[in-house]
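A short worksheet on the structure shown next.
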Amino acid sequence: MSGSIGIVGAGLVGSAAAYLLTLLPGGGDVVLVDIDRNRAEAEAQDIAHAAAFGIGWHVRSGTFEDLAGSDLVVVTAGASLKPGQTRLDLAKTNTGIVMSIIEQVLKHAPEAILLLATNPVDVMPAIAVERFGLKPGRVIGTGCALDSARFRERLARHLNVAAPSVSAYVLGEHGDSEVLHWSAAHVADMPLDHFAQSIGRPIDATLRESITQEVRTSAYRIKVGKGVSNFGIGGCIARLARAILADEQLVFSVSTYLDEVLDVERTCISLPHVLGRNGASRPLMPALDASERTALQSSARVIQSAIASSLAA
């Protein structure tokens with residue numbers, strides 16, 4: 001992998017993403033941009049010193065002008081969740097911030113793919129598409145990629161297997177209405193329930209509900225303990241960036257703008273997409289059971305409403 005990556009927002013999420021990116025194989029240029037130039041410079045120097053122990057990564061701070069020629073621009077800037085808030089509570093504040101950033105990115109790096117991590121992350125791709133006319137596959141929200149990793153990790157812990165052995169996705173909103181896709185979860189090419197039963201670690205309804213709530217509320221619980229959730233989303237950003245720049249053609253549950261899905265118009269929910277050098281493929285609708293379909297449709301409506309409110313503001 002090689003390429004030029006801009007990260008707008010040098011706070012705890014942006015700096016974690018930059019650092020974790022430099023731990024991945026390959027190399028390239030990373031430019032940190034932040035309204036606080038001193039913070040961006042300090043973070044860039046610190047990460048560059050760590051990257052010097054590896055191979056091939058060059059990290060520096062800069063301005064929007066320094067994003068010229070970037071293959072990928074990641075946006076993490078914006079207000080963070082506070083105790084008692086949901087991600088959707090941040091829509092009004094962060095929509096204006098992200099709009100101003102996208103305007104600058106398009107001015108200086110008009111061909112770059114955009115990877116958006118600012119909350120509410122499922123609203124931001126719609127802003128880019130509807131306000132700036134960008135193609136949906138070129139503007140990607142990190143969406144439920146992190147939630148899917150949390151789901152796999154939690155299942156792996158219960159089953160006493162390595163997380164990469166588990167195939168399981170979270171769909172819909174990156175937030176309170178997200179849908180854990182239980183019906184399609186597999187381990188070792190076996191349906192989840194069959195595998196769990198075969199090793200003597202069954203997953204009953206009570207445990208399923210406990211895991212669902214644990215995955216859904218992970219960020220809130222982490223923030224109570226340490227004030228911010230940054231390494232999980234930082235690792236998510238780094239992994240998605242690698243998939244895009246290395247043209248890996250891997251499938252992730254990320255959010256892109258949808259004209260219509262499940263009879264809901266103008267929404268932006270996470271579904272499986274293939275990620276590569278050209279951005280995200282069209283969304284892929286997995287087979288859903290009746291309850292999952294109803295829940296995913298409801299989640300799409302939640303985001304539809306949030307998008308409409310943000311665009312009207």
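Labeling convention for the structure tokens: chains A, B, ... as they appear, residues from 1 per chain, ligands from 1 in order of appearance.
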Looking only at the backbone, which of the residues in region 13-245 of chain A does DSSP tag as strand (DSSP E), as number ranges by chain? A: 28-33, 57-62, 72-75, 113-116, 139-141, 166-167, 170-171, 179-180, 186-187, 190-191
What would the file look like if the residues just selected were written as a compact mmCIF listing (two decimals), in the first residue's frame with N, CA and C atoms?
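Output file part_0.txt follows:
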# COMPACT_ATOMS: atom_id res chain seq x y z
N GLY A 28 3.49 5.63 2.99
CA GLY A 28 2.87 6.74 2.30
C GLY A 28 3.02 8.01 3.11
N ASP A 29 2.31 9.03 2.69
CA ASP A 29 2.36 10.33 3.33
C ASP A 29 1.06 10.60 4.07
N VAL A 30 1.18 11.08 5.30
CA VAL A 30 0.02 11.45 6.11
C VAL A 30 0.16 12.92 6.49
N VAL A 31 -0.87 13.71 6.20
CA VAL A 31 -0.88 15.12 6.54
C VAL A 31 -2.00 15.38 7.54
N LEU A 32 -1.65 15.90 8.72
CA LEU A 32 -2.63 16.25 9.73
C LEU A 32 -2.99 17.73 9.61
N VAL A 33 -4.28 18.00 9.52
CA VAL A 33 -4.78 19.38 9.40
C VAL A 33 -5.74 19.64 10.54
N TRP A 57 6.46 5.30 6.30
CA TRP A 57 5.42 6.30 6.55
C TRP A 57 6.05 7.65 6.90
N HIS A 58 5.50 8.69 6.32
CA HIS A 58 5.96 10.06 6.58
C HIS A 58 4.77 10.87 7.07
N VAL A 59 4.90 11.45 8.25
CA VAL A 59 3.79 12.16 8.88
C VAL A 59 4.20 13.61 9.11
N ARG A 60 3.32 14.52 8.74
CA ARG A 60 3.58 15.95 8.95
C ARG A 60 2.26 16.67 9.14
N SER A 61 2.34 17.89 9.62
CA SER A 61 1.15 18.73 9.72
C SER A 61 1.10 19.65 8.50
N GLY A 62 -0.05 20.23 8.28
CA GLY A 62 -0.17 21.13 7.14
C GLY A 62 -1.49 21.87 7.18
N LEU A 72 -6.85 10.09 -0.45
CA LEU A 72 -7.92 9.89 0.53
C LEU A 72 -7.83 10.98 1.57
N VAL A 73 -8.98 11.56 1.91
CA VAL A 73 -9.05 12.53 3.00
C VAL A 73 -10.04 12.02 4.03
N VAL A 74 -9.56 11.92 5.27
CA VAL A 74 -10.37 11.46 6.39
C VAL A 74 -10.80 12.69 7.19
N VAL A 75 -12.07 12.75 7.55
CA VAL A 75 -12.58 13.87 8.35
C VAL A 75 -13.02 13.35 9.71
N ILE A 113 -10.97 10.59 -2.42
CA ILE A 113 -12.08 9.89 -1.79
C ILE A 113 -12.21 10.44 -0.38
N LEU A 114 -13.44 10.60 0.10
CA LEU A 114 -13.68 11.13 1.44
C LEU A 114 -14.14 10.00 2.36
N LEU A 115 -13.49 9.89 3.51
CA LEU A 115 -13.87 8.94 4.54
C LEU A 115 -14.26 9.76 5.77
N LEU A 116 -15.52 9.73 6.13
CA LEU A 116 -16.05 10.61 7.17
C LEU A 116 -16.29 9.83 8.47
N VAL A 139 -17.96 9.05 -1.19
CA VAL A 139 -18.09 9.63 0.15
C VAL A 139 -18.57 8.53 1.10
N ILE A 140 -17.70 8.10 1.99
CA ILE A 140 -17.96 6.91 2.80
C ILE A 140 -17.98 7.29 4.28
N GLY A 141 -19.04 6.91 4.96
CA GLY A 141 -19.06 7.05 6.41
C GLY A 141 -18.51 5.78 7.05
N VAL A 166 -14.75 -15.22 12.93
CA VAL A 166 -16.18 -14.91 13.01
C VAL A 166 -16.57 -13.98 11.86
N SER A 167 -17.63 -14.31 11.16
CA SER A 167 -18.20 -13.43 10.14
C SER A 167 -19.54 -12.93 10.65
N VAL A 170 -22.91 -5.59 11.58
CA VAL A 170 -23.92 -4.71 12.12
C VAL A 170 -24.36 -3.79 10.99
N LEU A 171 -25.66 -3.57 10.88
CA LEU A 171 -26.24 -2.80 9.78
C LEU A 171 -27.01 -1.60 10.33
N VAL A 179 -28.64 -2.50 13.82
CA VAL A 179 -29.20 -3.85 13.76
C VAL A 179 -28.08 -4.87 13.68
N LEU A 180 -27.95 -5.69 14.70
CA LEU A 180 -26.98 -6.78 14.65
C LEU A 180 -27.56 -7.90 13.78
N HIS A 186 -21.73 -16.33 10.97
CA HIS A 186 -21.12 -17.64 10.73
C HIS A 186 -19.77 -17.74 11.44
N VAL A 187 -19.39 -18.96 11.74
CA VAL A 187 -18.05 -19.26 12.24
C VAL A 187 -17.60 -20.55 11.55
N MET A 190 -19.94 -22.31 9.35
CA MET A 190 -21.13 -22.90 9.97
C MET A 190 -22.00 -21.78 10.53
N PRO A 191 -23.31 -21.90 10.47
CA PRO A 191 -24.17 -20.92 11.13
C PRO A 191 -23.77 -20.77 12.60
Please identify all polymer residues within 12 Å of Ala243 (chain A), counting only C-alpha atoms, omitting same-chain residues fewer than 4 positions from it, and present them as a ChimeraX atom specification. /A:1-3,21,24-26,72,115,236-239,247-252,273-280
Using only C-alpha atoms, which protein or nucleic acid residues come within 12 Å of region 286-301 of chain A? Drop anything in the same chain fewer than 3 positions from it, and give the result as a ChimeraX atom specification. /A:122-123,168-185,253,255-273,283,304-308
Just-selected residues, C-alpha atoms written as a short mmCIF file (atom, residue, chain, number, x, y, z; two decimals), in the first residue's frame:
data_model
loop_
_atom_site.label_atom_id
_atom_site.label_comp_id
_atom_site.auth_asym_id
_atom_site.auth_seq_id
_atom_site.Cartn_x
_atom_site.Cartn_y
_atom_site.Cartn_z
CA ASP A 122 -24.55 8.51 8.85
CA VAL A 123 -25.72 12.05 8.18
CA ALA A 168 -20.84 -11.06 11.49
CA TYR A 169 -22.04 -7.58 10.55
CA VAL A 170 -23.92 -4.71 12.12
CA LEU A 171 -26.24 -2.80 9.78
CA GLY A 172 -28.18 0.46 9.81
CA GLU A 173 -27.40 3.49 11.96
CA HIS A 174 -24.09 3.78 13.77
CA GLY A 175 -26.07 4.41 16.90
CA ASP A 176 -29.04 3.41 18.98
CA SER A 177 -31.12 1.89 16.15
CA GLU A 178 -28.33 -0.26 14.72
CA VAL A 179 -29.20 -3.85 13.76
CA LEU A 180 -26.98 -6.78 14.65
CA HIS A 181 -27.33 -9.23 11.76
CA TRP A 182 -27.64 -12.36 13.86
CA SER A 183 -29.35 -14.47 11.22
CA ALA A 184 -26.32 -14.50 8.90
CA ALA A 185 -23.50 -14.76 11.46
CA SER A 253 -20.35 -2.46 6.68
CA SER A 255 -22.57 3.97 5.18
CA THR A 256 -23.17 5.64 1.84
CA TYR A 257 -26.01 7.83 0.64
CA LEU A 258 -29.02 5.93 -0.70
CA ASP A 259 -31.77 7.39 -2.87
CA GLU A 260 -34.01 4.62 -1.58
CA VAL A 261 -33.73 1.47 0.50
CA LEU A 262 -36.51 -0.67 2.00
CA ASP A 263 -39.04 1.94 0.80
CA VAL A 264 -37.22 4.71 2.68
CA GLU A 265 -35.92 7.58 0.55
CA ARG A 266 -32.89 9.83 1.05
CA THR A 267 -31.18 7.95 3.83
CA CYS A 268 -27.69 6.72 4.65
CA ILE A 269 -27.37 3.43 6.51
CA SER A 270 -24.57 0.92 6.79
CA LEU A 271 -24.75 -2.07 4.50
CA PRO A 272 -21.97 -4.30 3.17
CA HIS A 273 -19.86 -2.55 0.52
CA PRO A 283 -24.45 -1.25 -1.27
CA GLN A 304 -33.78 9.91 6.96
CA SER A 305 -35.26 12.25 9.56
CA ALA A 306 -31.84 13.32 10.82
CA ILE A 307 -30.65 14.08 7.28
CA ALA A 308 -33.75 16.12 6.51
#
Name the closest residue to Pro164 (chain A) among the candidates A:Ala18, A:Ala188, A:Ala205, A:Met99; distances are taken between atoms, counting only C-alpha atoms.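 Going through A:Ala18, A:Ala188, A:Ala205, A:Met99 one by one, the smallest distance to Pro164 (chain A) is for A:Ala188.
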Point-to-point distance from CA of Leu146 (chain A) to CA of Ile127 (chain A), Å rounded to tenths: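 Distance between the two atoms: 21.5 Å.
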